[in-house]
Amino acid sequence: MGVNIAGRSFLKLLDFTPAEIEYLIDLSADFKRLKRTGTPHRYLEGKNIVLLFEKTSTRTRCSFEVGGMDLGMGVTYLDPGSSQMGKKESIEDTARVLGRMYDGIEYRGFDQAIVEELADKAGVPVWNGLTTEFHPTQMIADMLTVRENFGRLRGLKLTFFGDARNNVANSLMVVCAKLGMHFCACGPVENMPEDSLVATCREVARQTGGSVTLTDSVAEGAADANVIYTDIWVSMGEPEELWAERIRLLSPYQVNAAVMEQAATDAIFMHCLPSFHDTKTTIGAEIASKFGICEMEVTDEVFESARSVVFDEAENRMHSIKAIMYATLK
């Protein structure tokens with residue numbers, strides 16, 4: 001029997017089977033081929049979606065907007081100042097109103113509980129564009145990117161360097177466990193994922209042939225890794241006061257040429273972006289002025305190298321989000 005997730009929300013990958021996740025990766029590849037060949041695919045003509053953004057974004061917003069329009073849908077964007085959700089109107093009431101007007105709702109913001117409540121009350125599919133705990137749409141794009149480079153997923157080792165308690169690291173651990181990959185979190189002991197999530201993922205990995213490793217050793221994390229992955233040290237919405245402490249804690253886990261040399265010979269570098277690999281941003285320049293460092297989570301040498309697939313990864317957000325919308329709305 002084929003996979004069918006029509007009518008379901010997409011909130012976290014723990015809710016989906018390995019077969020369902022693989023289906024979304026396959027569907028993403030199909031939509032990428034259609035886009036690249038200029039083949040029209042307005043399969044959801046007449047439907048409308050709304051994008052609720054409590055945190056701003058470049059890739060997520062553009063992916064949902066372009067993906068929605070490519071599929072023939074109407075798209076409404078509500079920025080952080082354009083919705084009364086949680087201020088003058090409860091999340092529950094917002095969900096029930098929007099669910100009567102739209103066929104699907106995207107949410108990008110804070111607590112996972114918010115997107116869960118939206119999905120519980122809206123009556124239409126709700127998609128998690130990012131919460132404090134998880135970033136599931138990014139994972140479909142990431143796995144498509146990995147598969148494009150290696151032709152497979154099962155058995156590969158992916159190591160995340162840095163703050164392994166953030167939403168990207170959490171989601172990478174989940175998707176690797178689901179797909180029989182070997183996930184390694186490499187960073188300070190105090191920045192490791194929550195014990196309960198680690199235990200859940202290890203049980204999933206036991207069934208799929210994958211594994212979950214936590215280490216503060218750069219050598220162990222990098223050894224034989226097929227994918228080296230990192231993220232910015234201070235996430236959107238976190239206070240600026242965190243920079244000094246994060247720089248102190250995470251600088252030993254910067255992805256640089258020495259790290260890449262310890263990985264597998266065909267290893268690739270991935271980053272969900274934005275990245276502070278130089279001083280060409282306002283924040284990058286400020287950090288350089290205050291702390292005397294011109295590169296943070298990854299060096300410019302690695303970011304701009306032939307092993308870096310960050311822009312393929314960014315493009316794949318559009319194809320994967322299109323697949324998620326189509327699969328849940330068709």
# chains A, B, ... in the order shown; residues from 1 in each chain; ligands from 1
$ residues_around --residues "region 258-274 of chain A" --least-positions-apart "2" --cutoff "10 Å" --atoms "only C-alpha atoms" --output "JSON, numbers by chain"
{"A": [57, 58, 59, 138, 139, 141, 142, 145, 146, 149, 150, 157, 158, 159, 160, 161, 168, 218, 219, 220, 221, 222, 223, 224, 225, 226, 227, 228, 229, 230, 231, 232, 253, 254, 255, 256, 276, 277, 297, 298, 302, 303, 304, 305, 306, 307, 308, 309, 310, 311, 312, 313, 314, 317]}
$ closest_residue --among "A:Lys121, A:Arg96, A:His319, A:Arg36" --to "Leu24 (chain A)" --atoms "only C-alpha atoms"
A:His319
$ select_by_dssp --residues "region 113-324 of chain A" --states "strand (DSSP E or B)" --output "PyMOL selection string"
chain A and resi 126-130+157-161+182-186+211-215+227-230+255+268-271+298+308
$ write_last_selection --atoms "N, CA, C and O atoms" --output "compact mmCIF listing (two decimals), in the first residue's frame"
# COMPACT_ATOMS: atom_id res chain seq x y z
N VAL A 126 -1.56 21.84 9.58
CA VAL A 126 -0.68 22.89 10.08
C VAL A 126 0.75 22.41 9.92
O VAL A 126 1.07 21.25 10.21
N TRP A 127 1.63 23.30 9.44
CA TRP A 127 3.03 22.94 9.18
C TRP A 127 3.94 23.74 10.10
O TRP A 127 3.81 24.96 10.22
N ASN A 128 4.88 23.06 10.72
CA ASN A 128 5.84 23.69 11.61
C ASN A 128 7.02 24.23 10.81
O ASN A 128 7.87 23.48 10.34
N GLY A 129 7.06 25.57 10.65
CA GLY A 129 8.17 26.21 9.95
C GLY A 129 9.39 26.43 10.82
O GLY A 129 10.45 26.77 10.31
N LEU A 130 9.25 26.25 12.11
CA LEU A 130 10.32 26.28 13.10
C LEU A 130 9.71 26.62 14.45
O LEU A 130 8.89 27.54 14.55
N LYS A 157 27.15 8.54 8.55
CA LYS A 157 27.36 9.22 9.82
C LYS A 157 27.26 10.72 9.62
O LYS A 157 27.94 11.31 8.78
N LEU A 158 26.38 11.36 10.41
CA LEU A 158 26.20 12.81 10.39
C LEU A 158 26.56 13.34 11.77
O LEU A 158 25.99 12.90 12.77
N THR A 159 27.48 14.29 11.81
CA THR A 159 27.88 14.88 13.09
C THR A 159 27.51 16.35 13.12
O THR A 159 27.86 17.13 12.21
N PHE A 160 26.80 16.72 14.17
CA PHE A 160 26.45 18.12 14.41
C PHE A 160 27.42 18.71 15.42
O PHE A 160 27.57 18.18 16.52
N PHE A 161 28.07 19.82 15.04
CA PHE A 161 29.02 20.49 15.93
C PHE A 161 28.40 21.76 16.51
O PHE A 161 27.82 22.57 15.79
N HIS A 182 23.71 7.25 11.46
CA HIS A 182 24.45 7.35 12.71
C HIS A 182 24.63 8.83 13.05
O HIS A 182 25.41 9.53 12.40
N PHE A 183 23.88 9.30 14.04
CA PHE A 183 23.93 10.70 14.44
C PHE A 183 24.91 10.88 15.59
O PHE A 183 24.89 10.11 16.55
N CYS A 184 25.74 11.91 15.48
CA CYS A 184 26.66 12.25 16.55
C CYS A 184 26.51 13.72 16.89
O CYS A 184 26.59 14.58 16.00
N ALA A 185 26.28 14.02 18.17
CA ALA A 185 26.27 15.40 18.65
C ALA A 185 27.62 15.67 19.29
O ALA A 185 28.02 14.98 20.22
N CYS A 186 28.32 16.68 18.78
CA CYS A 186 29.66 16.99 19.26
C CYS A 186 29.68 18.42 19.78
O CYS A 186 29.56 19.38 19.00
N SER A 211 22.18 4.88 15.03
CA SER A 211 22.73 5.05 16.37
C SER A 211 22.75 6.51 16.74
O SER A 211 22.67 7.39 15.87
N VAL A 212 22.86 6.78 18.03
CA VAL A 212 22.96 8.14 18.54
C VAL A 212 24.15 8.20 19.50
O VAL A 212 24.21 7.44 20.46
N THR A 213 25.11 9.09 19.22
CA THR A 213 26.30 9.26 20.04
C THR A 213 26.39 10.71 20.50
O THR A 213 26.16 11.63 19.70
N LEU A 214 26.73 10.92 21.77
CA LEU A 214 26.98 12.25 22.31
C LEU A 214 28.42 12.31 22.76
O LEU A 214 28.89 11.44 23.50
N THR A 215 29.16 13.32 22.33
CA THR A 215 30.57 13.41 22.70
C THR A 215 31.02 14.87 22.77
O THR A 215 30.50 15.73 22.05
N VAL A 227 28.90 13.56 6.90
CA VAL A 227 28.31 14.90 6.88
C VAL A 227 28.74 15.64 8.15
O VAL A 227 28.59 15.14 9.26
N ILE A 228 29.32 16.83 7.96
CA ILE A 228 29.64 17.72 9.08
C ILE A 228 28.63 18.87 9.02
O ILE A 228 28.53 19.55 8.01
N TYR A 229 27.92 19.07 10.11
CA TYR A 229 26.81 20.03 10.12
C TYR A 229 27.01 20.97 11.32
O TYR A 229 27.41 20.54 12.40
N THR A 230 26.70 22.24 11.14
CA THR A 230 26.72 23.17 12.27
C THR A 230 25.64 24.23 12.09
O THR A 230 24.97 24.29 11.06
N VAL A 255 33.71 24.56 13.03
CA VAL A 255 34.04 23.69 11.89
C VAL A 255 35.08 24.42 11.04
O VAL A 255 34.82 25.47 10.46
N ILE A 268 30.81 16.02 3.27
CA ILE A 268 30.27 17.31 2.86
C ILE A 268 30.01 18.17 4.09
O ILE A 268 29.85 17.66 5.20
N PHE A 269 29.96 19.48 3.87
CA PHE A 269 29.64 20.42 4.94
C PHE A 269 28.25 20.98 4.72
O PHE A 269 27.91 21.40 3.61
N MET A 270 27.44 21.03 5.81
CA MET A 270 26.08 21.54 5.72
C MET A 270 25.81 22.55 6.83
O MET A 270 26.39 22.49 7.91
N HIS A 271 24.92 23.48 6.53
CA HIS A 271 24.53 24.54 7.46
C HIS A 271 23.15 25.03 7.02
O HIS A 271 22.93 25.29 5.84
N VAL A 298 31.69 28.39 11.67
CA VAL A 298 32.41 27.77 10.56
C VAL A 298 33.35 28.80 9.96
O VAL A 298 33.03 30.00 9.91
N SER A 308 31.34 22.22 0.57
CA SER A 308 30.17 22.89 1.14
C SER A 308 28.99 22.78 0.17
O SER A 308 29.09 23.11 -1.01
$ atom_distance --atom1 "CA of Pro125 (chain A)" --atom2 "CA of Gly67 (chain A)"
15.9 Å
$ residues_around --residues "Glu295 (chain A)" --least-positions-apart "5" --cutoff "10 Å" --atoms "only C-alpha atoms" --output "list of chain:residue names"
A:Ser251, A:Gln254, A:Asn256, A:Ser275, A:Phe276, A:His277, A:Asp278, A:Thr279, A:Gly284, A:Ala285, A:Ile287, A:Ala288, A:Asp300, A:Glu301
$ select_by_dssp --residues "region 36-264 of chain A" --states "alpha helix (DSSP H)" --output "PyMOL selection string"
chain A and resi 36+59-70+91-101+112-122+136-150+167-178+195-208+218-222+242-250+257-262
$ atom_distance --atom1 "CA of Gly123 (chain A)" --atom2 "CA of Ala95 (chain A)"
8.2 Å
$ atom_distance --atom1 "CA of Met318 (chain A)" --atom2 "CA of Leu71 (chain A)"
11.7 Å
$ closest_atom_pairs --of "region 5-118 of chain A" --to "region 192-204 of chain A" --cutoff "12 Å" --atoms "only C-alpha atoms" --output "tab-separated table"
residue	atom	partner	partner_atom	distance
A:Leu13	CA	A:Cys201	CA	11.0
A:Leu14	CA	A:Cys201	CA	8.8
A:Asp15	CA	A:Val204	CA	11.9
A:Phe16	CA	A:Val204	CA	11.6
A:Thr17	CA	A:Val204	CA	10.1
A:Pro18	CA	A:Val204	CA	9.9
$ write_last_selection --atoms "N, CA and C atoms" --output "compact mmCIF listing (two decimals), in the first residue's frame"
# COMPACT_ATOMS: atom_id res chain seq x y z
N LEU A 13 9.03 15.24 13.32
CA LEU A 13 9.26 14.00 12.59
C LEU A 13 9.05 12.76 13.45
N LEU A 14 8.97 12.92 14.75
CA LEU A 14 8.64 11.79 15.61
C LEU A 14 7.25 11.26 15.30
N ASP A 15 6.41 12.09 14.67
CA ASP A 15 5.04 11.69 14.33
C ASP A 15 4.97 10.84 13.06
N PHE A 16 6.09 10.69 12.35
CA PHE A 16 6.07 10.05 11.04
C PHE A 16 6.95 8.81 11.01
N THR A 17 6.54 7.84 10.21
CA THR A 17 7.30 6.60 10.06
C THR A 17 8.47 6.83 9.11
N PRO A 18 9.47 5.94 9.13
CA PRO A 18 10.55 6.04 8.15
C PRO A 18 10.03 6.04 6.70
$ closest_residue --among "A:Leu172, A:Leu329, A:Ala6, A:Val189" --to "Lys47 (chain A)" --atoms "only C-alpha atoms"
A:Leu329
$ residues_around --residues "Asn166 (chain A)" --least-positions-apart "4" --cutoff "8 Å" --atoms "only C-alpha atoms" --output "list in words"
Thr132, Glu133, Phe134, Asn170 and Pro193 of chain A
$ closest_residue --among "A:Ala205, A:Ala164, A:Cys62, A:Ile105" --to "Ala177 (chain A)" --atoms "only C-alpha atoms"
A:Ala205
$ closest_residue --among "A:Thr94, A:Gln112, A:Thr282, A:Thr328" --to "Asn4 (chain A)" --atoms "only C-alpha atoms"
A:Thr328
$ decode --residues "region 87-110 of chain A" --atoms "C-alpha atoms" --output "short mmCIF file (atom, residue, chain, number, x, y, z; two decimals), in the first residue's frame"
data_model
loop_
_atom_site.label_atom_id
_atom_site.label_comp_id
_atom_site.auth_asym_id
_atom_site.auth_seq_id
_atom_site.Cartn_x
_atom_site.Cartn_y
_atom_site.Cartn_z
CA LYS A 87 -2.12 39.12 22.28
CA LYS A 88 -5.74 40.13 21.75
CA GLU A 89 -6.85 36.73 20.48
CA SER A 90 -6.05 33.32 21.89
CA ILE A 91 -4.17 30.72 19.89
CA GLU A 92 -7.27 28.51 19.98
CA ASP A 93 -9.52 31.25 18.56
CA THR A 94 -6.95 32.21 15.93
CA ALA A 95 -6.74 28.59 14.81
CA ARG A 96 -10.51 28.21 14.54
CA VAL A 97 -10.85 31.42 12.52
CA LEU A 98 -8.00 30.72 10.11
CA GLY A 99 -9.07 27.10 9.71
CA ARG A 100 -12.38 28.30 8.26
CA MET A 101 -10.66 30.60 5.76
CA TYR A 102 -7.61 28.63 4.69
CA ASP A 103 -6.78 25.09 3.58
CA GLY A 104 -3.44 25.04 5.41
CA ILE A 105 -1.57 27.04 8.06
CA GLU A 106 2.18 27.47 8.51
CA TYR A 107 3.58 28.60 11.87
CA ARG A 108 7.12 29.79 12.60
CA GLY A 109 7.81 30.99 16.11
CA PHE A 110 8.43 29.83 19.63
#
